[in-house]
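Asks: This is the structure I have questions about; it appears just below.
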Amino acid sequence: MHDGLSADTQAVLLLCARLGQVESNGTKPLTPKQYGVLARWLRERSMRPADLLETRGRTELTGSQIPGVDPEAVAALLDRGAALGMMAERWANRGLWVLSRGDEGYPARFKTYLGHGAPPLLFGAGNPELLQSGGLAMVGAREVSEEDIEYARRVASACAAQGIAVISGGARGVDLESMAAAFDANGSALGVLPDSLSRSAVSARYREGLMAGRLALVSPYDPEARWFAYTAMERNKLIYALSDAALVVAAAAESGGTWAGAVEALEYGRVTVYVKTSGAPEGNRKLLARGAQPFPDQPWEGLRSLFVPPPREASLFGSALGPAPPPSEPEPPSAVPVAGCASPEAPRAAGTPRTNTEDVFARVLPVLLAALSTPRTDTDIEESLRLVPAQAKAWLKRACDEGRVRKLKRPARYVAVQEGPLSLFSNSDGRMGEPQGDTP
Amino acid sequence: MKERALQLLRTAVGSPGAQFHPGQWEAIEELVKRRGRLLVVQRTGWGKSIVYFIAAKLLREQGSGCALLISPLLALMRNQIEAAERIGVRAETINSTNTDDWPKLETALLAGKIDVLLISPERLGNEEFMTRCLLPVAARIGLLVVDEAHCISDWGHDFRPDYRRIVRILRSLPRNLPVLATTATANDRVVADIKVQLGPTLETLRGPLVRESLHLENIRIPSQSARMAWLAERLPQMPGSGIVYTLTVRDAEHLTAWLQLRGINARAYHADREDPERRELEGMLLRNEVKALVATVALGMGFDKPDLGFVIHFQRPASVVHYYQQVGRAGRAIGSAHGVLLSGAEDDEIADYFIRTAFPTVDEVQAVLRALEAARTLVNRNALQRALNVRPSKLDKSLKFLSLESPAPVQRDGSGFVRTAVRWEMPVERIEKITLLRRQEQARMNAYLATPGCLMQFLSEELNDPDAARCGKCANCTGKRLGAAYSRDLAEEAARFLESLNQPIEPRKMWPAGASFEDQHGRIADARRAQEGRALCHWGDDSFGDVVRDGKRDGHFADRLVGASVELIRGRWRPRPKPEWVTCVPSRRHAKLMPDFARRLAATLGLPFVECIEKTQDTEPQKTRQNSFQQVENLENAFTVDAKAVRAYPVLLVDDMVDSRWTFTVLAWKLLEAGSGPVFPFALADSSADDGE
């Protein structure tokens, strides 16, 4: 293979990427879950994704039974070679790169910590080596106080001075300010974006950092993808997975992506989640109650000493489990993670230690409420959360029954109930509630 | 499958006994059976289109999507489309001229009703077209065909920036998509380069290049007017109709006018002609309705006339490959055809100019990058022009160059440009290598001119044709020559003709977008606009160009220029309503030069000379101000017109040089405002650029 995409990445792109096609025009790309099933099928036959581009792979595929995957649809996806060429050209032209799980530069952390939840594809811009270097995740709401911003900038500068990369989500507020401060102090930053990578990669805000090799932007989604609450939530997992420790600068209590992401990370219990304590919002205090650690006061010397596993009792749910052992993941030759996925459609926290008795609805609810911060139809919810209609209806009904969602009439729409102490979603953290108007 | 293919061939060509040309079936088999990648190097007329039509048809019969044909051709030739239709292959083109049909074509494509889709390489760079039209259907493309594939090679004689994009697409293609690259002209070096781009699995299919009925001859006649005389005499004796190639647009126009004057049915063909007109001209040549098209390299790719009687070069082309490709258009389905290379004294200078200006300079490119970096948002072309002192054509050249680098430091987004985060440096080494190669190619052309051996063999060997051999037909093989003889009288007449050429000066109709002149925007009011003017010559011409140059240097324009100007104004131009007074554009640098000339001119014309324009401040010469914004800005307060002196009659406004036309535009505006009658600009020389093609 000459420079550019590996044959495996080509195959995964053909299978999983939109490649500029409109959804309505025929075959839909595989979902990560479907891809996982196919990857397992390949492994069982000692094949890699690239083999699907060869006669042998195609022959094996024809007429085989793969649960949830239609071999004919897969064949049609694989025939999109010209579209792949054109999209790859467009990405390359914008300085974007793409990695699949079998590529050398694909972050080992994803495979280790997320298992089969590791995204099949990772699009990026800037210095890809930053994916391997770890660092401090810095997250926070978009609407925060000047003091919080100032605090975030100081921590980020300290990280820069100590050669620690700042890993964040590229949203307005704490995310962007931390990344910018790290860069201003000659440090490195890594942004994991839920949308619009293509546009961000050419924005003046990031240009200098990307060109200097001290910034990388990555996203598991199509570089031209729009913002969805669901994808913003999903990418939080990636931020934590790439980090050695996390600092929550400001989280609204029980509301918004910052909160939900932090709670998830605490439950998973791999990295220690620190919170800013002085003058912090209620959310920070509640996170402490859930096992987060106070971020030390200044002076910040030897921040690396914070990179320790969380105390065992940190996890509310899985205290017996402690830090999750990395799923054993036989890698090459195929480098495609085993897709041992038997989970339901729920957008389960990838890599979360699984319990057979878990009520998935508890995990779904925050996502659902986030998506319903403004009234939306059941079809909207189906699409933005990528659900089958029956599942969307069932969950919406249950949310209504539990009084968390209200149904509006003519046209029939649903909206999150916002009241008193039950309110999970104040507007202080717009990241969960509404699509970003002004994408960074 | 071979039987089916043969059946399709016979139906396509309408002949039940037809057989494949050598290599055709092998090519089809490689594409359809092995879904391989194939480079076909075969001379024009071998039948490349039959290969991809039949391959497309067979692939379709196996359930594949349509073929995408990327070609610089404006359209498939009529006879090709007919052949395709006979085997049930529907071929359509999507381009900027048929946007209304896009939705219909898109639907047809998605419904699988189109078998071959033709687009130009430039289309691939049009974001809107790609997003709206091509990408949604790209999933259904089952075969990719790249025509004129030598263009994808850096070493190709005809490297085209837009092909850089095709290279990047080809490099990202998965190996399960069959690819066919075709060219009529590629030497080993180019083939090797294409192989690097398309990957090691590329198969190459190469045929012989010799043109059996072509008589080649080289003739050296240094003087332009002598060559014009030679052509006027010899063209009528040439078999059938053909092509005369020139290196520049201006030469194509002048030569055409000369040949027409000599009663020869010739027409000019070059890149300044609109597409429909070019197609019409091609049609006229195909139907033998003209004796010759006088053309630049713009007439090239894809033009296919089997019975072309002659190809004559007025000047030496850039390389052997160029020359072979152009001369090889003649002498296929015709018993005898002429390929004559005339070479002249100006060849080296023109070649050098093209080589020097092939790439934007480091400074030009850096200036564009700096301007884009300083901007936080998208910048459009007009804003860039305002900010930078560069000619629009140069700005475009820089922008195109930058946006076709990979990865690109500059990206186009709608009508604006943005600096991407890509670290980039001018590829100095690549440019040097290509420049060096261009010079070597010129040297090989000189070797061709000088060779005493077989001319066809020389060309074939340069193109690494394994079957190169003595042709027995060329002037060096047979000793039969047309020869360099020409009529002295005709040559003198041609020289006078060259002298008599004059350049119209089109009045400007719009103020530059985004700029203002004395609060004027947009359209220049009819009542304030100059009339069409004239320039006596072009700065670079060998007619009066030198005389004007000497005059500027010596501070005095020769009387010869006065005489020639009067002859032009009274004889060929005859502006109406007739000018009744003369004024001139003053210069503070050479205060006497223009008034002195204009006074003599007025006297000879029998008109009063009135000095009514004053230069109130020094400006930089317009020549150094490279674009409209800067030029108009430069002029805003530069001149005052003495309204009392202005006469209410038509006036001749005289200047030495015209380039951007803004000086004339602004002064005509001021004179008309001051109450003058219609203003007729007249300049001694037109120094605007001629960028070839």
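Following the order of the structure tokens, first chain is A, next is B, and so on, with residues numbered from 1 inside each chain and ligands from 1 in the order they appear.
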Could the residues of chain A that have an atom at most 6 Å from chain B be listed as CSV, each with its closest atom pair and the distance in Å to one decimal, counting only C-alpha atoms and ordered by chain and ascending residue number?

Replies:
residue,atom,partner,partner_atom,distance
A:Gly20,CA,B:Leu135,CA,5.4
A:Gln21,CA,B:Pro136,CA,4.4
A:Val22,CA,B:Pro136,CA,5.9
A:Leu53,CA,B:Asn176,CA,5.4
A:Arg80,CA,B:Ala139,CA,4.1
A:Gly81,CA,B:Pro174,CA,5.7
A:Ala82,CA,B:Ala138,CA,5.9
A:Ala83,CA,B:Ala138,CA,4.7
A:Gly85,CA,B:Ile169,CA,4.5
A:Met86,CA,B:Ile169,CA,5.5
A:Glu89,CA,B:Ile169,CA,5.3
A:Ala92,CA,B:Pro407,CA,5.6
A:Asn93,CA,B:Pro407,CA,4.5
A:Gly95,CA,B:Pro407,CA,5.3
A:Val202,CA,B:Thr420,CA,4.6
A:Ala204,CA,B:Arg376,CA,5.5
A:Arg207,CA,B:Ala421,CA,4.6
A:Leu210,CA,B:Ala421,CA,5.7
A:Met211,CA,B:Ala421,CA,5.3

Asks: For Gln260 of chain B, please output as a list in words all residues within 12 Å (counting only C-alpha atoms; exclusion window: fewer than 6 positions along the same chain).

Replies: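 Near neighbours after the sequence-gap exclusion: Met228, Leu231, Ala232, Leu235, Pro236, Glu253, His254, Ala266, Arg267, Ala268, Val290, Lys291, Ala292, Leu293, Val294 and Phe497 of chain B.
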
Asks: For Arg316 of chain B, find every residue with an atom within 8 Å (counting only C-alpha atoms), except residues of its own chain fewer than 5 positions away, and show them as a ChimeraX atom specification.

Replies: /B:247,341-344,347,445

Asks: Taking only segment 85-155 of chain A into account, list the residues labelled alpha helix (DSSP H) by DSSP (computed from the backbone), as a list in words.

Replies: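 Output for segment 85-155 of chain A, alpha helix (DSSP H) only: Gly85, Met86, Met87, Ala88, Glu89, Arg90, Trp91, Ala92, Asn93, Ala108, Arg109, Phe110, Lys111, Thr112, Tyr113, Leu114, Glu146, Glu147, Asp148, Ile149, Glu150, Tyr151, Ala152, Arg153, Arg154 and Val155 of chain A.
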
Asks: Would you mind listing what lies within 12 Å of Ala683 of chain B as a CSV table (one decimal) with all heavy atoms, in the first residue's frame, with only C-alpha atoms counted and same-chain residues fewer than 2 positions away left out?

Replies:
chain,number,residue,atom,x,y,z
B,502,ASN,N,-3.5,46.3,-35.1
B,502,ASN,CA,-3.7,47.2,-34.0
B,502,ASN,C,-4.7,46.6,-33.0
B,502,ASN,O,-5.5,45.7,-33.4
B,502,ASN,CB,-4.2,48.5,-34.5
B,502,ASN,CG,-5.4,48.3,-35.4
B,502,ASN,OD1,-6.5,48.1,-34.9
B,502,ASN,ND2,-5.2,48.3,-36.7
B,503,GLN,N,-4.6,47.0,-31.8
B,503,GLN,CA,-5.3,46.4,-30.8
B,503,GLN,C,-6.5,47.2,-30.4
B,503,GLN,O,-6.4,48.4,-30.0
B,503,GLN,CB,-4.4,46.2,-29.5
B,503,GLN,CG,-3.0,45.8,-29.9
B,503,GLN,CD,-3.0,44.3,-30.0
B,503,GLN,OE1,-3.6,43.6,-29.2
B,503,GLN,NE2,-2.2,43.8,-31.0
B,504,PRO,N,-7.7,46.7,-30.4
B,504,PRO,CA,-8.9,47.5,-29.9
B,504,PRO,C,-8.7,47.6,-28.4
B,504,PRO,O,-8.2,46.7,-27.7
B,504,PRO,CB,-10.1,46.6,-30.2
B,504,PRO,CG,-9.6,45.3,-30.5
B,504,PRO,CD,-8.1,45.4,-30.9
B,505,ILE,N,-9.1,48.7,-27.8
B,505,ILE,CA,-9.1,48.9,-26.4
B,505,ILE,C,-10.6,49.0,-26.0
B,505,ILE,O,-11.3,50.0,-26.2
B,505,ILE,CB,-8.4,50.2,-26.0
B,505,ILE,CG1,-7.0,50.3,-26.5
B,505,ILE,CG2,-8.4,50.4,-24.5
B,505,ILE,CD1,-6.3,51.6,-26.4
B,532,GLU,N,-14.8,52.8,-27.7
B,532,GLU,CA,-13.7,51.8,-28.0
B,532,GLU,C,-12.5,52.5,-28.5
B,532,GLU,O,-12.6,53.4,-29.4
B,532,GLU,CB,-14.2,50.8,-29.0
B,532,GLU,CG,-13.2,49.6,-29.2
B,532,GLU,CD,-13.7,48.6,-30.2
B,532,GLU,OE1,-14.5,47.8,-29.9
B,532,GLU,OE2,-13.2,48.7,-31.4
B,533,GLY,N,-11.3,52.2,-28.1
B,533,GLY,CA,-10.1,52.8,-28.5
B,533,GLY,C,-9.2,51.9,-29.3
B,533,GLY,O,-9.7,50.8,-29.7
B,534,ARG,N,-8.0,52.3,-29.6
B,534,ARG,CA,-7.1,51.5,-30.3
B,534,ARG,C,-5.7,51.7,-29.8
B,534,ARG,O,-5.3,52.7,-29.3
B,534,ARG,CB,-7.0,51.9,-31.8
B,534,ARG,CG,-8.2,51.5,-32.7
B,534,ARG,CD,-8.2,50.0,-32.9
B,534,ARG,NE,-9.2,49.6,-33.9
B,534,ARG,CZ,-10.5,49.5,-33.6
B,534,ARG,NH1,-10.9,49.7,-32.3
B,534,ARG,NH2,-11.4,49.2,-34.5
B,535,ALA,N,-4.9,50.6,-29.9
B,535,ALA,CA,-3.5,50.7,-29.6
B,535,ALA,C,-2.8,50.4,-30.9
B,535,ALA,O,-3.2,49.5,-31.7
B,535,ALA,CB,-3.0,49.7,-28.6
B,536,LEU,N,-1.7,51.1,-31.2
B,536,LEU,CA,-1.0,50.9,-32.5
B,536,LEU,C,-0.4,49.5,-32.6
B,536,LEU,O,-0.4,48.9,-33.6
B,536,LEU,CB,0.1,52.0,-32.6
B,536,LEU,CG,0.9,52.0,-33.9
B,536,LEU,CD1,0.1,52.2,-35.1
B,536,LEU,CD2,2.1,53.0,-33.8
B,537,CYS,N,0.1,49.0,-31.5
B,537,CYS,CA,0.8,47.7,-31.6
B,537,CYS,C,0.8,47.1,-30.2
B,537,CYS,O,0.3,47.7,-29.2
B,537,CYS,CB,2.2,47.9,-32.0
B,537,CYS,SG,3.3,48.7,-30.8
B,538,HIS,N,1.3,45.9,-30.2
B,538,HIS,CA,1.5,45.3,-28.9
B,538,HIS,C,2.9,45.5,-28.5
B,538,HIS,O,3.8,45.4,-29.3
B,538,HIS,CB,1.1,43.8,-29.0
B,538,HIS,CG,1.0,43.1,-27.6
B,538,HIS,ND1,2.1,42.7,-26.9
B,538,HIS,CD2,-0.1,43.0,-26.8
B,538,HIS,CE1,1.6,42.2,-25.7
B,538,HIS,NE2,0.3,42.4,-25.7
B,539,TRP,N,3.1,45.7,-27.2
B,539,TRP,CA,4.5,46.0,-26.7
B,539,TRP,C,5.5,45.0,-27.1
B,539,TRP,O,6.6,45.3,-27.5
B,539,TRP,CB,4.3,46.0,-25.2
B,539,TRP,CG,5.5,46.3,-24.3
B,539,TRP,CD1,6.1,45.5,-23.4
B,539,TRP,CD2,6.3,47.5,-24.3
B,539,TRP,NE1,7.1,46.1,-22.8
B,539,TRP,CE2,7.3,47.4,-23.4
B,539,TRP,CE3,6.2,48.7,-25.0
B,539,TRP,CZ2,8.2,48.4,-23.1
B,539,TRP,CZ3,7.1,49.7,-24.8
B,539,TRP,CH2,8.1,49.5,-23.8
B,545,GLY,N,6.6,47.5,-31.6
B,545,GLY,CA,7.0,47.4,-30.2
B,545,GLY,C,8.3,48.0,-29.9
B,545,GLY,O,8.5,48.8,-28.9
B,548,VAL,N,8.5,51.9,-30.1
B,548,VAL,CA,7.9,52.5,-28.9
B,548,VAL,C,8.9,52.4,-27.8
B,548,VAL,O,9.1,53.4,-27.0
B,548,VAL,CB,6.5,51.9,-28.6
B,548,VAL,CG1,6.0,52.5,-27.3
B,548,VAL,CG2,5.6,52.0,-29.7
B,561,LEU,N,6.2,56.7,-35.9
B,561,LEU,CA,5.0,56.4,-35.1
B,561,LEU,C,3.9,57.3,-35.4
B,561,LEU,O,2.7,56.9,-35.4
B,561,LEU,CB,5.4,56.4,-33.6
B,561,LEU,CG,6.3,55.3,-33.2
B,561,LEU,CD1,6.7,55.5,-31.7
B,561,LEU,CD2,5.7,53.9,-33.4
B,562,VAL,N,4.2,58.6,-35.6
B,562,VAL,CA,3.1,59.5,-36.0
B,562,VAL,C,2.4,59.1,-37.3
B,562,VAL,O,1.2,59.0,-37.3
B,562,VAL,CB,3.6,61.0,-36.1
B,562,VAL,CG1,2.5,61.9,-36.6
B,562,VAL,CG2,4.3,61.4,-34.8
B,565,SER,N,0.4,56.0,-36.8
B,565,SER,CA,-0.8,56.3,-36.0
B,565,SER,C,-1.9,56.9,-36.9
B,565,SER,O,-3.1,56.6,-36.8
B,565,SER,CB,-0.5,57.2,-34.8
B,565,SER,OG,0.4,56.6,-34.0
B,568,LEU,N,-3.5,54.4,-39.1
B,568,LEU,CA,-4.4,53.6,-38.3
B,568,LEU,C,-5.7,54.3,-38.1
B,568,LEU,O,-6.8,53.9,-38.4
B,568,LEU,CB,-3.8,53.2,-37.0
B,568,LEU,CG,-4.8,52.6,-35.9
B,568,LEU,CD1,-5.4,51.3,-36.4
B,568,LEU,CD2,-4.1,52.4,-34.6
B,569,ILE,N,-5.6,55.6,-37.6
B,569,ILE,CA,-6.8,56.3,-37.2
B,569,ILE,C,-7.6,56.7,-38.4
B,569,ILE,O,-8.9,56.5,-38.4
B,569,ILE,CB,-6.4,57.6,-36.5
B,569,ILE,CG1,-5.7,57.2,-35.1
B,569,ILE,CG2,-7.6,58.5,-36.2
B,569,ILE,CD1,-4.9,58.4,-34.5
B,584,CYS,N,-3.9,64.7,-24.4
B,584,CYS,CA,-3.0,63.6,-24.0
B,584,CYS,C,-3.0,63.4,-22.5
B,584,CYS,O,-3.3,64.3,-21.7
B,584,CYS,CB,-1.6,63.7,-24.6
B,584,CYS,SG,-0.6,64.9,-23.7
B,585,VAL,N,-2.5,62.2,-22.1
B,585,VAL,CA,-2.4,61.9,-20.7
B,585,VAL,C,-1.0,62.4,-20.3
B,585,VAL,O,0.0,62.0,-20.9
B,585,VAL,CB,-2.4,60.4,-20.5
B,585,VAL,CG1,-2.3,60.0,-19.0
B,585,VAL,CG2,-3.8,59.8,-21.0
B,594,MET,N,4.7,63.0,-24.0
B,594,MET,CA,3.4,62.8,-24.6
B,594,MET,C,2.9,64.0,-25.3
B,594,MET,O,2.4,63.9,-26.4
B,594,MET,CB,2.4,62.3,-23.6
B,594,MET,CG,2.5,60.8,-23.3
B,594,MET,SD,2.9,59.8,-24.8
B,594,MET,CE,1.4,60.0,-25.8
B,597,PHE,N,4.4,64.3,-28.7
B,597,PHE,CA,3.9,63.4,-29.7
B,597,PHE,C,2.5,63.7,-30.1
B,597,PHE,O,2.2,63.8,-31.3
B,597,PHE,CB,4.0,61.9,-29.1
B,597,PHE,CG,3.3,60.9,-30.0
B,597,PHE,CD1,4.0,60.4,-31.1
B,597,PHE,CD2,2.0,60.5,-29.8
B,597,PHE,CE1,3.4,59.5,-32.0
B,597,PHE,CE2,1.4,59.6,-30.7
B,597,PHE,CZ,2.1,59.1,-31.8
B,598,ALA,N,1.7,64.0,-29.1
B,598,ALA,CA,0.3,64.3,-29.4
B,598,ALA,C,0.1,65.6,-30.3
B,598,ALA,O,-0.7,65.6,-31.1
B,598,ALA,CB,-0.5,64.5,-28.1
B,601,LEU,N,0.9,64.5,-33.7
B,601,LEU,CA,-0.1,63.7,-34.2
B,601,LEU,C,-1.3,64.6,-34.6
B,601,LEU,O,-1.9,64.4,-35.7
B,601,LEU,CB,-0.6,62.7,-33.2
B,601,LEU,CG,-1.7,61.8,-33.5
B,601,LEU,CD1,-1.4,60.9,-34.7
B,601,LEU,CD2,-2.2,60.9,-32.3
B,652,LEU,N,-9.8,62.8,-29.1
B,652,LEU,CA,-8.9,61.7,-29.2
B,652,LEU,C,-8.0,61.9,-27.9
B,652,LEU,O,-7.3,62.9,-27.8
B,652,LEU,CB,-8.1,61.8,-30.5
B,652,LEU,CG,-7.2,60.5,-30.8
B,652,LEU,CD1,-8.1,59.4,-31.1
B,652,LEU,CD2,-6.3,60.8,-32.0
B,653,LEU,N,-8.0,60.9,-27.1
B,653,LEU,CA,-7.2,60.9,-25.8
B,653,LEU,C,-6.0,60.0,-26.0
B,653,LEU,O,-6.1,58.8,-26.1
B,653,LEU,CB,-8.0,60.5,-24.6
B,653,LEU,CG,-7.4,60.3,-23.3
B,653,LEU,CD1,-6.8,61.6,-22.8
B,653,LEU,CD2,-8.4,59.7,-22.3
B,654,VAL,N,-4.8,60.6,-26.0
B,654,VAL,CA,-3.6,59.9,-26.4
B,654,VAL,C,-2.7,59.5,-25.2
B,654,VAL,O,-2.5,60.4,-24.3
B,654,VAL,CB,-2.8,60.7,-27.4
B,654,VAL,CG1,-1.6,59.9,-27.9
B,654,VAL,CG2,-3.7,61.1,-28.6
B,655,ASP,N,-2.2,58.3,-25.2
B,655,ASP,CA,-1.2,57.9,-24.1
B,655,ASP,C,-0.2,57.0,-24.8
B,655,ASP,O,-0.4,56.5,-25.9
B,655,ASP,CB,-1.9,57.2,-23.0
B,655,ASP,CG,-1.1,57.2,-21.7
B,655,ASP,OD1,0.0,57.7,-21.7
B,655,ASP,OD2,-1.7,56.7,-20.7
B,656,ASP,N,0.9,56.8,-24.1
B,656,ASP,CA,1.9,55.9,-24.8
B,656,ASP,C,1.6,54.5,-24.6
B,656,ASP,O,1.6,53.7,-25.6
B,656,ASP,CB,3.4,56.3,-24.3
B,656,ASP,CG,3.5,56.3,-22.8
B,656,ASP,OD1,2.4,56.1,-22.1
B,656,ASP,OD2,4.6,56.4,-22.3
B,657,MET,N,1.2,54.1,-23.4
B,657,MET,CA,1.0,52.7,-23.1
B,657,MET,C,-0.4,52.5,-22.5
B,657,MET,O,-0.9,53.3,-21.8
B,657,MET,CB,2.0,52.1,-22.1
B,657,MET,CG,3.4,52.4,-22.4
B,657,MET,SD,4.0,51.3,-23.6
B,657,MET,CE,4.2,49.9,-22.6
B,658,VAL,N,-1.0,51.3,-22.8
B,658,VAL,CA,-2.2,51.0,-22.2
B,658,VAL,C,-2.1,49.5,-21.6
B,658,VAL,O,-1.5,48.7,-22.3
B,658,VAL,CB,-3.5,51.0,-23.1
B,658,VAL,CG1,-3.3,50.2,-24.3
B,658,VAL,CG2,-4.7,50.6,-22.3
B,659,ASP,N,-2.5,49.4,-20.3
B,659,ASP,CA,-2.4,48.1,-19.8
B,659,ASP,C,-3.7,47.7,-19.1
B,659,ASP,O,-4.5,47.0,-19.7
B,659,ASP,CB,-1.2,48.0,-18.7
B,659,ASP,CG,-1.0,46.6,-18.1
B,659,ASP,OD1,-1.6,45.7,-18.7
B,659,ASP,OD2,-0.4,46.6,-17.1
B,661,ARG,N,-6.2,49.8,-18.5
B,661,ARG,CA,-7.2,50.6,-19.1
B,661,ARG,C,-7.9,51.5,-18.0
B,661,ARG,O,-8.8,52.3,-18.3
B,661,ARG,CB,-8.4,49.8,-19.8
B,661,ARG,CG,-7.9,49.1,-21.0
B,661,ARG,CD,-9.0,48.2,-21.5
B,661,ARG,NE,-9.0,47.0,-20.7
B,661,ARG,CZ,-10.1,46.2,-20.5
B,661,ARG,NH1,-11.3,46.6,-21.0
B,661,ARG,NH2,-10.0,45.2,-19.7
B,663,THR,N,-6.5,54.1,-16.5
B,663,THR,CA,-6.2,55.6,-16.7
B,663,THR,C,-7.2,56.1,-17.8
B,663,THR,O,-7.8,57.2,-17.5
B,663,THR,CB,-4.7,55.7,-17.2
B,663,THR,OG1,-3.9,55.1,-16.3
B,663,THR,CG2,-4.4,57.2,-17.4
B,664,PHE,N,-7.3,55.4,-18.8
B,664,PHE,CA,-8.3,55.9,-19.9
B,664,PHE,C,-9.7,56.0,-19.3
B,664,PHE,O,-10.4,56.9,-19.6
B,664,PHE,CB,-8.3,54.9,-21.1
B,664,PHE,CG,-7.2,55.2,-22.1
B,664,PHE,CD1,-6.5,54.1,-22.7
B,664,PHE,CD2,-6.8,56.5,-22.4
B,664,PHE,CE1,-5.5,54.3,-23.6
B,664,PHE,CE2,-5.8,56.7,-23.3
B,664,PHE,CZ,-5.1,55.6,-23.9
B,680,PHE,N,-12.3,59.1,-27.3
B,680,PHE,CA,-11.7,57.9,-28.0
B,680,PHE,C,-10.2,57.7,-27.5
B,680,PHE,O,-9.3,58.5,-27.9
B,680,PHE,CB,-11.7,58.1,-29.5
B,680,PHE,CG,-13.1,58.1,-30.1
B,680,PHE,CD1,-13.8,59.3,-30.3
B,680,PHE,CD2,-13.7,56.9,-30.5
B,680,PHE,CE1,-15.1,59.3,-30.8
B,680,PHE,CE2,-14.9,56.9,-31.0
B,680,PHE,CZ,-15.6,58.1,-31.2
B,681,PRO,N,-10.0,56.7,-26.7
B,681,PRO,CA,-8.6,56.4,-26.3
B,681,PRO,C,-7.7,55.9,-27.4
B,681,PRO,O,-8.2,55.1,-28.2
B,681,PRO,CB,-8.8,55.4,-25.2
B,681,PRO,CG,-10.2,55.3,-24.8
B,681,PRO,CD,-10.9,55.8,-26.1
B,685,ALA,N,1.1,51.6,-27.5
B,685,ALA,CA,1.4,50.1,-27.3
B,685,ALA,C,0.5,49.6,-26.2
B,685,ALA,O,0.2,50.3,-25.3
B,685,ALA,CB,2.8,49.9,-27.0
B,686,ASP,N,0.1,48.4,-26.5
B,686,ASP,CA,-0.7,47.6,-25.5
B,686,ASP,C,0.3,46.7,-24.8
B,686,ASP,O,0.9,45.9,-25.4
B,686,ASP,CB,-1.8,46.8,-26.2
B,686,ASP,CG,-2.7,46.0,-25.3
B,686,ASP,OD1,-2.3,45.9,-24.1
B,686,ASP,OD2,-3.7,45.5,-25.7
B,687,SER,N,0.4,46.9,-23.5
B,687,SER,CA,1.4,46.1,-22.7
B,687,SER,C,0.7,45.0,-21.9
B,687,SER,O,1.3,44.5,-21.0
B,687,SER,CB,2.3,47.0,-21.9
B,687,SER,OG,1.5,47.7,-20.9

Asks: Using only C-alpha atoms, which of A:Ala416, A:Val218, A:Leu42, A:Ala137 sits nearest Ala241 of chain A?

Replies: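 Looking only at the distances to Ala241 of chain A, the closest residue turns out to be A:Ala137.
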
Asks: With distances taken over only C-alpha atoms, which residue among A:Arg214, A:Arg376, A:Arg172, A:His116 lies nearest Glu143 of chain A?

Replies: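 Using only C-alpha atoms, the shortest distance to Glu143 of chain A belongs to A:Arg172.
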
Asks: Between A:Gln10, A:Ser100, A:Ser133, A:Ser200, which residue has the minimum interatomic distance to Leu77 of chain A, considering only C-alpha atoms?

Replies: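 Closest candidate: A:Gln10.
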
Asks: I need the residues in segment 39-155 of chain B that are strand (DSSP E) according to DSSP; give them as a ChimeraX atom specification.

Replies: /B:39-41,66-70,91-93,116-119,141-146
